[in-house]
file data-v9.csv (CSV, C-alpha atoms)
chain,number,residue,atom,x,y,z
H,1,ASP,CA,10.6,-91.3,13.7
H,2,ALA,CA,7.6,-89.0,14.0
H,3,GLY,CA,5.7,-91.5,16.1
H,4,ILE,CA,3.0,-92.3,13.6
H,5,THR,CA,1.5,-95.7,13.1
H,6,GLN,CA,-1.2,-97.1,10.8
H,7,SER,CA,-3.3,-100.2,11.3
H,8,PRO,CA,-3.9,-102.6,9.7
H,9,ARG,CA,-0.8,-102.6,7.5
H,10,HIS,CA,-2.4,-105.0,5.0
H,11,LYS,CA,-6.1,-105.8,4.4
H,12,VAL,CA,-8.0,-107.7,1.8
H,13,THR,CA,-11.7,-107.2,1.8
H,14,GLU,CA,-14.7,-107.8,-0.5
H,15,THR,CA,-16.6,-105.3,-2.5
H,16,GLY,CA,-19.5,-103.8,-0.6
H,17,THR,CA,-18.0,-104.3,2.9
H,18,PRO,CA,-17.2,-101.4,5.2
H,19,VAL,CA,-13.5,-100.8,6.0
H,20,THR,CA,-11.9,-98.6,8.6
H,21,LEU,CA,-8.2,-97.6,8.6
H,22,ARG,CA,-6.6,-96.1,11.7
H,23,CYS,CA,-3.9,-93.6,12.0
H,24,HIS,CA,-2.3,-93.0,15.4
H,25,GLN,CA,0.2,-90.4,16.4
H,26,THR,CA,2.1,-89.8,19.6
H,27,GLU,CA,3.4,-86.3,18.6
H,28,ASN,CA,0.4,-84.2,19.4
H,29,HIS,CA,0.5,-82.6,15.9
H,30,ARG,CA,-2.6,-80.6,15.1
H,31,TYR,CA,-2.9,-81.6,11.4
H,32,MET,CA,-3.5,-85.1,10.1
H,33,TYR,CA,-4.1,-86.3,6.5
H,34,TRP,CA,-5.1,-89.3,4.5
H,35,TYR,CA,-3.7,-89.9,1.1
H,36,ARG,CA,-4.0,-92.7,-1.4
H,37,GLN,CA,-1.2,-93.6,-3.7
H,38,ASP,CA,-1.8,-95.4,-7.1
H,39,PRO,CA,0.6,-96.0,-9.9
H,40,GLY,CA,0.7,-93.0,-12.3
H,41,HIS,CA,-1.2,-90.8,-9.9
H,42,GLY,CA,1.2,-90.0,-7.1
H,43,LEU,CA,-0.2,-89.0,-3.7
H,44,ARG,CA,-3.7,-87.8,-3.7
H,45,LEU,CA,-5.3,-86.1,-0.7
H,46,ILE,CA,-8.5,-87.8,0.5
H,47,HIS,CA,-9.4,-85.9,3.7
H,48,TYR,CA,-7.6,-84.0,6.3
H,49,SER,CA,-8.1,-82.7,9.9
H,50,TYR,CA,-7.0,-79.5,11.5
H,51,GLY,CA,-8.2,-80.4,15.0
H,52,VAL,CA,-10.5,-82.7,17.0
H,53,LYS,CA,-13.8,-82.9,15.1
H,54,ASP,CA,-12.5,-80.5,12.4
H,55,THR,CA,-12.1,-82.1,9.0
H,56,ASP,CA,-12.2,-81.1,5.4
H,57,LYS,CA,-12.3,-82.8,2.0
H,58,GLY,CA,-9.4,-83.3,-0.3
H,59,GLU,CA,-9.3,-83.9,-4.0
H,60,VAL,CA,-10.6,-87.5,-4.0
H,61,SER,CA,-13.0,-87.7,-1.1
H,62,ASP,CA,-15.9,-89.4,-2.7
H,63,GLY,CA,-16.6,-92.8,-1.1
H,64,TYR,CA,-14.6,-91.9,2.0
H,65,SER,CA,-15.4,-90.5,5.4
H,66,VAL,CA,-13.2,-89.6,8.3
H,67,SER,CA,-13.5,-88.9,12.0
H,68,ARG,CA,-11.2,-87.5,14.6
H,69,SER,CA,-12.5,-87.7,18.2
H,70,LYS,CA,-9.0,-87.5,19.8
H,71,THR,CA,-5.9,-85.6,18.8
H,72,GLU,CA,-4.0,-88.8,18.4
H,73,ASP,CA,-6.4,-90.8,16.2
H,74,PHE,CA,-7.6,-90.1,12.7
H,75,LEU,CA,-9.9,-92.8,11.1
H,76,LEU,CA,-10.6,-93.3,7.5
H,77,THR,CA,-13.8,-95.2,6.6
H,78,LEU,CA,-14.8,-96.7,3.3
H,79,GLU,CA,-18.5,-97.1,3.8
H,80,SER,CA,-18.9,-99.7,1.0
H,81,ALA,CA,-15.6,-100.7,-0.5
H,82,THR,CA,-15.2,-100.8,-4.3
H,83,SER,CA,-12.4,-102.3,-6.4
H,84,SER,CA,-11.4,-98.8,-7.4
H,85,GLN,CA,-10.4,-98.2,-3.8
H,86,THR,CA,-7.7,-100.8,-4.0
H,87,SER,CA,-4.7,-98.7,-3.2
H,88,VAL,CA,-1.9,-97.9,-0.7
H,89,TYR,CA,-3.2,-95.5,2.0
H,90,PHE,CA,-0.8,-93.2,3.8
H,91,CYS,CA,-1.5,-91.1,6.8
H,92,ALA,CA,0.6,-88.0,7.5
H,93,ILE,CA,0.9,-85.5,10.3
H,94,SER,CA,2.2,-81.9,10.5
H,95,ASP,CA,2.4,-79.0,12.9
H,96,GLU,CA,1.1,-76.2,10.8
H,97,GLY,CA,-0.8,-77.9,7.9
H,98,SER,CA,1.9,-76.9,5.5
H,99,HIS,CA,5.1,-78.0,3.9
H,100,GLU,CA,6.7,-80.5,6.2
H,101,GLN,CA,4.7,-83.6,6.8
H,102,TYR,CA,5.6,-86.9,8.4
H,103,PHE,CA,4.2,-90.0,6.9
H,104,GLY,CA,3.1,-93.3,8.4
H,105,PRO,CA,4.2,-96.6,7.0
H,106,GLY,CA,1.1,-97.1,4.8
H,107,THR,CA,-1.8,-99.6,4.6
H,108,ARG,CA,-2.1,-101.7,1.5
H,109,LEU,CA,-5.8,-102.3,0.9
H,110,THR,CA,-7.1,-104.8,-1.7
H,111,VAL,CA,-10.8,-104.9,-2.5
H,112,THR,CA,-11.8,-108.0,-4.4
U,1,GLY,CA,-7.4,-75.8,-9.9
U,2,GLN,CA,-4.0,-76.7,-8.7
U,3,SER,CA,-1.5,-78.9,-10.5
U,4,LEU,CA,2.2,-79.7,-10.4
U,5,GLU,CA,4.0,-81.3,-13.4
U,6,GLN,CA,7.2,-83.2,-13.2
U,7,PRO,CA,8.8,-85.8,-15.5
U,8,SER,CA,7.8,-89.4,-14.9
U,9,GLU,CA,11.3,-90.9,-15.1
U,10,VAL,CA,14.9,-89.9,-15.0
U,11,THR,CA,18.0,-92.1,-15.3
U,12,ALA,CA,21.6,-91.4,-14.4
U,13,VAL,CA,24.8,-93.1,-13.4
U,14,GLU,CA,26.6,-93.1,-10.1
U,15,GLY,CA,28.6,-89.9,-9.4
U,16,ALA,CA,26.6,-87.9,-11.9
U,17,ILE,CA,24.4,-84.9,-11.2
U,18,VAL,CA,20.7,-84.9,-12.0
U,19,GLN,CA,18.0,-82.2,-12.0
U,20,ILE,CA,14.3,-83.0,-11.5
U,21,ASN,CA,12.0,-80.2,-12.6
U,22,CYS,CA,8.6,-79.2,-11.3
U,23,THR,CA,6.3,-76.6,-12.8
U,24,TYR,CA,3.2,-75.6,-10.9
U,25,GLN,CA,-0.2,-73.9,-11.4
U,26,THR,CA,-1.7,-72.8,-8.1
U,27,SER,CA,-4.4,-70.4,-6.9
U,28,GLY,CA,-2.3,-69.3,-4.1
U,29,PHE,CA,1.3,-70.1,-3.5
U,30,TYR,CA,3.1,-70.8,-0.2
U,31,GLY,CA,6.2,-72.5,-1.4
U,32,LEU,CA,7.5,-75.7,-3.0
U,33,SER,CA,8.4,-78.9,-1.1
U,34,TRP,CA,10.2,-82.0,-2.1
U,35,TYR,CA,9.8,-85.5,-0.8
U,36,GLN,CA,11.6,-88.8,-1.4
U,37,GLN,CA,10.1,-92.2,-1.5
U,38,HIS,CA,11.9,-95.5,-1.8
U,39,ASP,CA,10.1,-98.4,-3.3
U,40,GLY,CA,7.8,-99.9,-0.7
U,41,GLY,CA,8.5,-97.1,1.8
U,42,ALA,CA,6.8,-93.9,3.0
U,43,PRO,CA,7.5,-90.5,1.6
U,44,THR,CA,10.0,-88.5,3.6
U,45,PHE,CA,10.5,-84.7,3.6
U,46,LEU,CA,13.7,-83.4,1.8
U,47,SER,CA,13.4,-79.7,1.4
U,48,TYR,CA,11.3,-76.6,1.2
U,49,ASN,CA,11.6,-73.3,-0.7
U,50,ALA,CA,9.4,-70.4,0.4
U,51,LEU,CA,11.4,-67.8,-1.5
U,52,ASP,CA,13.2,-67.6,-4.8
U,53,GLY,CA,16.7,-69.1,-4.9
U,54,LEU,CA,18.7,-72.1,-4.0
U,55,GLU,CA,18.5,-74.1,-0.7
U,56,GLU,CA,21.3,-76.6,-0.2
U,57,THR,CA,21.2,-79.6,2.1
U,58,GLY,CA,24.3,-81.8,1.6
U,59,ARG,CA,24.2,-83.5,-1.8
U,60,PHE,CA,20.7,-82.2,-2.4
U,61,SER,CA,19.7,-78.7,-3.4
U,62,SER,CA,16.3,-77.2,-4.3
U,63,PHE,CA,15.6,-74.2,-6.4
U,64,LEU,CA,12.5,-72.0,-6.8
U,65,SER,CA,11.6,-69.3,-9.2
U,66,ARG,CA,8.2,-67.8,-8.3
U,67,SER,CA,8.1,-65.6,-11.4
U,68,ASP,CA,8.4,-68.7,-13.7
U,69,SER,CA,6.2,-71.0,-11.5
U,70,TYR,CA,9.1,-73.4,-11.6
U,71,GLY,CA,11.4,-75.3,-9.3
U,72,TYR,CA,13.9,-78.1,-9.3
U,73,LEU,CA,15.6,-80.6,-7.1
U,74,LEU,CA,19.3,-81.1,-7.8
U,75,LEU,CA,21.0,-84.3,-6.7
U,76,GLN,CA,24.8,-84.3,-6.8
U,77,GLU,CA,27.3,-87.2,-6.5
U,78,LEU,CA,24.6,-89.7,-7.2
U,79,GLN,CA,24.6,-92.9,-5.3
U,80,MET,CA,22.7,-96.1,-5.9
U,81,LYS,CA,20.7,-95.4,-2.7
U,82,ASP,CA,19.3,-92.3,-4.4
U,83,SER,CA,17.2,-94.5,-6.7
U,84,ALA,CA,13.7,-93.6,-5.5
U,85,SER,CA,10.7,-91.5,-6.5
U,86,TYR,CA,10.8,-87.8,-5.9
U,87,PHE,CA,7.7,-85.6,-5.5
U,88,CYS,CA,7.3,-81.9,-5.6
U,89,ALA,CA,4.4,-80.5,-3.5
U,90,SER,CA,2.7,-77.2,-2.8
U,91,ALA,CA,0.0,-76.2,-0.3
U,92,ASN,CA,-3.6,-75.8,-1.3
U,93,GLN,CA,-5.3,-72.5,-1.6
U,94,ALA,CA,-6.1,-72.4,2.1
U,95,GLY,CA,-2.6,-73.3,3.0
U,96,THR,CA,-3.9,-76.2,5.1
U,97,ALA,CA,-2.8,-79.3,3.0
U,98,LEU,CA,-0.3,-80.4,0.4
U,99,ILE,CA,-1.0,-81.2,-3.2
U,100,PHE,CA,1.6,-83.5,-4.8
U,101,GLY,CA,2.9,-83.9,-8.3
U,102,LYS,CA,2.7,-87.4,-9.7
U,103,GLY,CA,6.4,-88.1,-8.9
U,104,THR,CA,9.6,-88.7,-10.8
U,105,THR,CA,11.2,-92.1,-10.6
U,106,LEU,CA,15.0,-91.8,-10.5
U,107,SER,CA,17.1,-94.8,-11.5
U,108,VAL,CA,20.8,-94.7,-10.7
U,109,SER,CA,23.0,-97.3,-12.3
U,110,SER,CA,26.6,-98.2,-11.8

call {"tool": "encode", "arguments": {"input": "data-v9.csv", "output": "structure tokens"}}
result
Amino acid sequence: DAGITQSPRHKVTETGTPVTLRCHQTENHRYMYWYRQDPGHGLRLIHYSYGVKDTDKGEVSDGYSVSRSKTEDFLLTLESATSSQTSVYFCAISDEGSHEQYFGPGTRLTVT
Amino acid sequence: GQSLEQPSEVTAVEGAIVQINCTYQTSGFYGLSWYQQHDGGAPTFLSYNALDGLEETGRFSSFLSRSDSYGYLLLQELQMKDSASYFCASANQAGTALIFGKGTTLSVSS
């Protein structure tokens, strides 16, 4: 295992509430990523980080923000959750921001 | 933009060989990766092709043709445990993140 955990693993929240998902790694990898996975859409990149305090947007970043204050932690925040953000969220890490990524176990988020 | 196209479903029987194709359109190209994901699990890395040709890892092989913007994953001696979703992926233009295809669901029957 690549030493990557996500918390919480499951969450149900109401529309309009803020939600923060946490990704924690013990591998000291430079790059960290947040994806969402929905039926028929595969894995879509939300945001990623290439170092502490260095982040960039992915293809579906609207409605999401991220922060990385320590190498080991990458937080994904939904400022005001909407039902369209119901999804499974995966965090991933890699050494060089390229082809081999290690994924966390995922967080299943339901927005009611 | 950047996109990767792959079939949504493939079915096969145990012991058979199956090929999952992936065609891509990218602004810059750093190579093609393949990931496997079992139902309810996380994606796991299978293989990577930076150059044209075939890469073999046990029962799985991956092929890339840069001139055709095309690659495939070849699974031999299929087993029931190979039933999963398979994703091709390629780096974004900056080479800093991966863009994934929508995935191919492989169902292996006995």

call {"tool": "closest_residue", "arguments": {"input": "data-v9.csv", "among": "U:Ala42, U:Leu74, U:Leu64, U:Ala50", "to": "Phe90 of chain H", "atoms": "all atoms listed in the file"}}
result
U:Ala42

call {"tool": "interface_residues", "arguments": {"input": "data-v9.csv", "of": "chain H", "to": "chain U", "cutoff": "9 Å", "atoms": "all atoms listed in the file", "output": "tab-separated table (two decimals) with C-alpha atoms, in the frame of the given file"}}
result
chain	number	residue	atom	x	y	z
H	31	TYR	CA	-2.90	-81.60	11.40
H	33	TYR	CA	-4.10	-86.30	6.50
H	39	PRO	CA	0.60	-96.00	-9.90
H	40	GLY	CA	0.70	-93.00	-12.30
H	41	HIS	CA	-1.20	-90.80	-9.90
H	42	GLY	CA	1.20	-90.00	-7.10
H	43	LEU	CA	-0.20	-89.00	-3.70
H	44	ARG	CA	-3.70	-87.80	-3.70
H	45	LEU	CA	-5.30	-86.10	-0.70
H	48	TYR	CA	-7.60	-84.00	6.30
H	50	TYR	CA	-7.00	-79.50	11.50
H	58	GLY	CA	-9.40	-83.30	-0.30
H	59	GLU	CA	-9.30	-83.90	-4.00
H	90	PHE	CA	-0.80	-93.20	3.80
H	96	GLU	CA	1.10	-76.20	10.80
H	97	GLY	CA	-0.80	-77.90	7.90
H	98	SER	CA	1.90	-76.90	5.50
H	99	HIS	CA	5.10	-78.00	3.90
H	100	GLU	CA	6.70	-80.50	6.20
H	101	GLN	CA	4.70	-83.60	6.80
H	102	TYR	CA	5.60	-86.90	8.40
H	103	PHE	CA	4.20	-90.00	6.90
H	104	GLY	CA	3.10	-93.30	8.40
H	105	PRO	CA	4.20	-96.60	7.00
H	106	GLY	CA	1.10	-97.10	4.80

call {"tool": "atom_distance", "arguments": {"input": "data-v9.csv", "atom1": "atom CA of Glu27 of chain H", "atom2": "atom CA of Ser94 of chain H"}}
result
9.3 Å

call {"tool": "atom_distance", "arguments": {"input": "data-v9.csv", "atom1": "atom CA of Ser61 of chain U", "atom2": "atom CA of Ser3 of chain U"}}
result
22.4 Å

call {"tool": "atom_distance", "arguments": {"input": "data-v9.csv", "atom1": "atom CA of Thr86 of chain H", "atom2": "atom CA of Thr55 of chain H"}}
result
23.2 Å

call {"tool": "residues_around", "arguments": {"input": "data-v9.csv", "residues": "Arg9 of chain H", "least_positions_apart": "5", "cutoff": "12 Å", "atoms": "only C-alpha atoms", "output": "list in words"}}
result
Thr20, Leu21, Arg22, Cys23, Val88, Tyr89, Phe90, Cys91, Gly104, Pro105, Gly106, Thr107, Arg108, Leu109 and Thr110 of chain H

call {"tool": "write_last_selection", "arguments": {"input": "data-v9.csv", "atoms": "C-alpha atoms", "output": "PDB file, keeping the file's coordinate frame"}}
result
ATOM      1  CA  THR H  20     -11.900 -98.600   8.600  1.00  0.00           C
ATOM      2  CA  LEU H  21      -8.200 -97.600   8.600  1.00  0.00           C
ATOM      3  CA  ARG H  22      -6.600 -96.100  11.700  1.00  0.00           C
ATOM      4  CA  CYS H  23      -3.900 -93.600  12.000  1.00  0.00           C
ATOM      5  CA  VAL H  88      -1.900 -97.900  -0.700  1.00  0.00           C
ATOM      6  CA  TYR H  89      -3.200 -95.500   2.000  1.00  0.00           C
ATOM      7  CA  PHE H  90      -0.800 -93.200   3.800  1.00  0.00           C
ATOM      8  CA  CYS H  91      -1.500 -91.100   6.800  1.00  0.00           C
ATOM      9  CA  GLY H 104       3.100 -93.300   8.400  1.00  0.00           C
ATOM     10  CA  PRO H 105       4.200 -96.600   7.000  1.00  0.00           C
ATOM     11  CA  GLY H 106       1.100 -97.100   4.800  1.00  0.00           C
ATOM     12  CA  THR H 107      -1.800 -99.600   4.600  1.00  0.00           C
ATOM     13  CA  ARG H 108      -2.100-101.700   1.500  1.00  0.00           C
ATOM     14  CA  LEU H 109      -5.800-102.300   0.900  1.00  0.00           C
ATOM     15  CA  THR H 110      -7.100-104.800  -1.700  1.00  0.00           C
TER      16      THR H 110
END

call {"tool": "closest_residue", "arguments": {"input": "data-v9.csv", "among": "H:Leu76, H:Met32, H:Val111, H:Ile4", "to": "Tyr64 of chain H", "atoms": "only C-alpha atoms"}}
result
H:Leu76

call {"tool": "residues_around", "arguments": {"input": "data-v9.csv", "residues": "Gln79 of chain U", "least_positions_apart": "4", "cutoff": "7 Å", "atoms": "all atoms listed in the file", "output": "PyMOL selection string"}}
result
chain U and resi 14-15+108

call {"tool": "residues_around", "arguments": {"input": "data-v9.csv", "residues": "Thr15 of chain H", "least_positions_apart": "4", "cutoff": "6 Å", "atoms": "all atoms listed in the file", "output": "list in words"}}
result
Ala81, Thr82, Val111 and Thr112 of chain H

call {"tool": "write_last_selection", "arguments": {"input": "data-v9.csv", "atoms": "C-alpha atoms", "output": "compact mmCIF listing (two decimals), in the frame of the given file"}}
result
# COMPACT_ATOMS: atom_id res chain seq x y z
CA ALA H 81 -15.60 -100.70 -0.50
CA THR H 82 -15.20 -100.80 -4.30
CA VAL H 111 -10.80 -104.90 -2.50
CA THR H 112 -11.80 -108.00 -4.40

call {"tool": "closest_residue", "arguments": {"input": "data-v9.csv", "among": "U:Asp52, U:Glu5, U:Asp82, U:Asp39", "to": "Thr26 of chain U", "atoms": "all atoms listed in the file"}}
result
U:Glu5

call {"tool": "residues_near_point", "arguments": {"input": "data-v9.csv", "point": "(-12.2, -83.7, 14.9)", "cutoff": "7 Å", "atoms": "all atoms listed in the file", "output": "PyMOL selection string"}}
result
chain H and resi 49+51-55+67-70
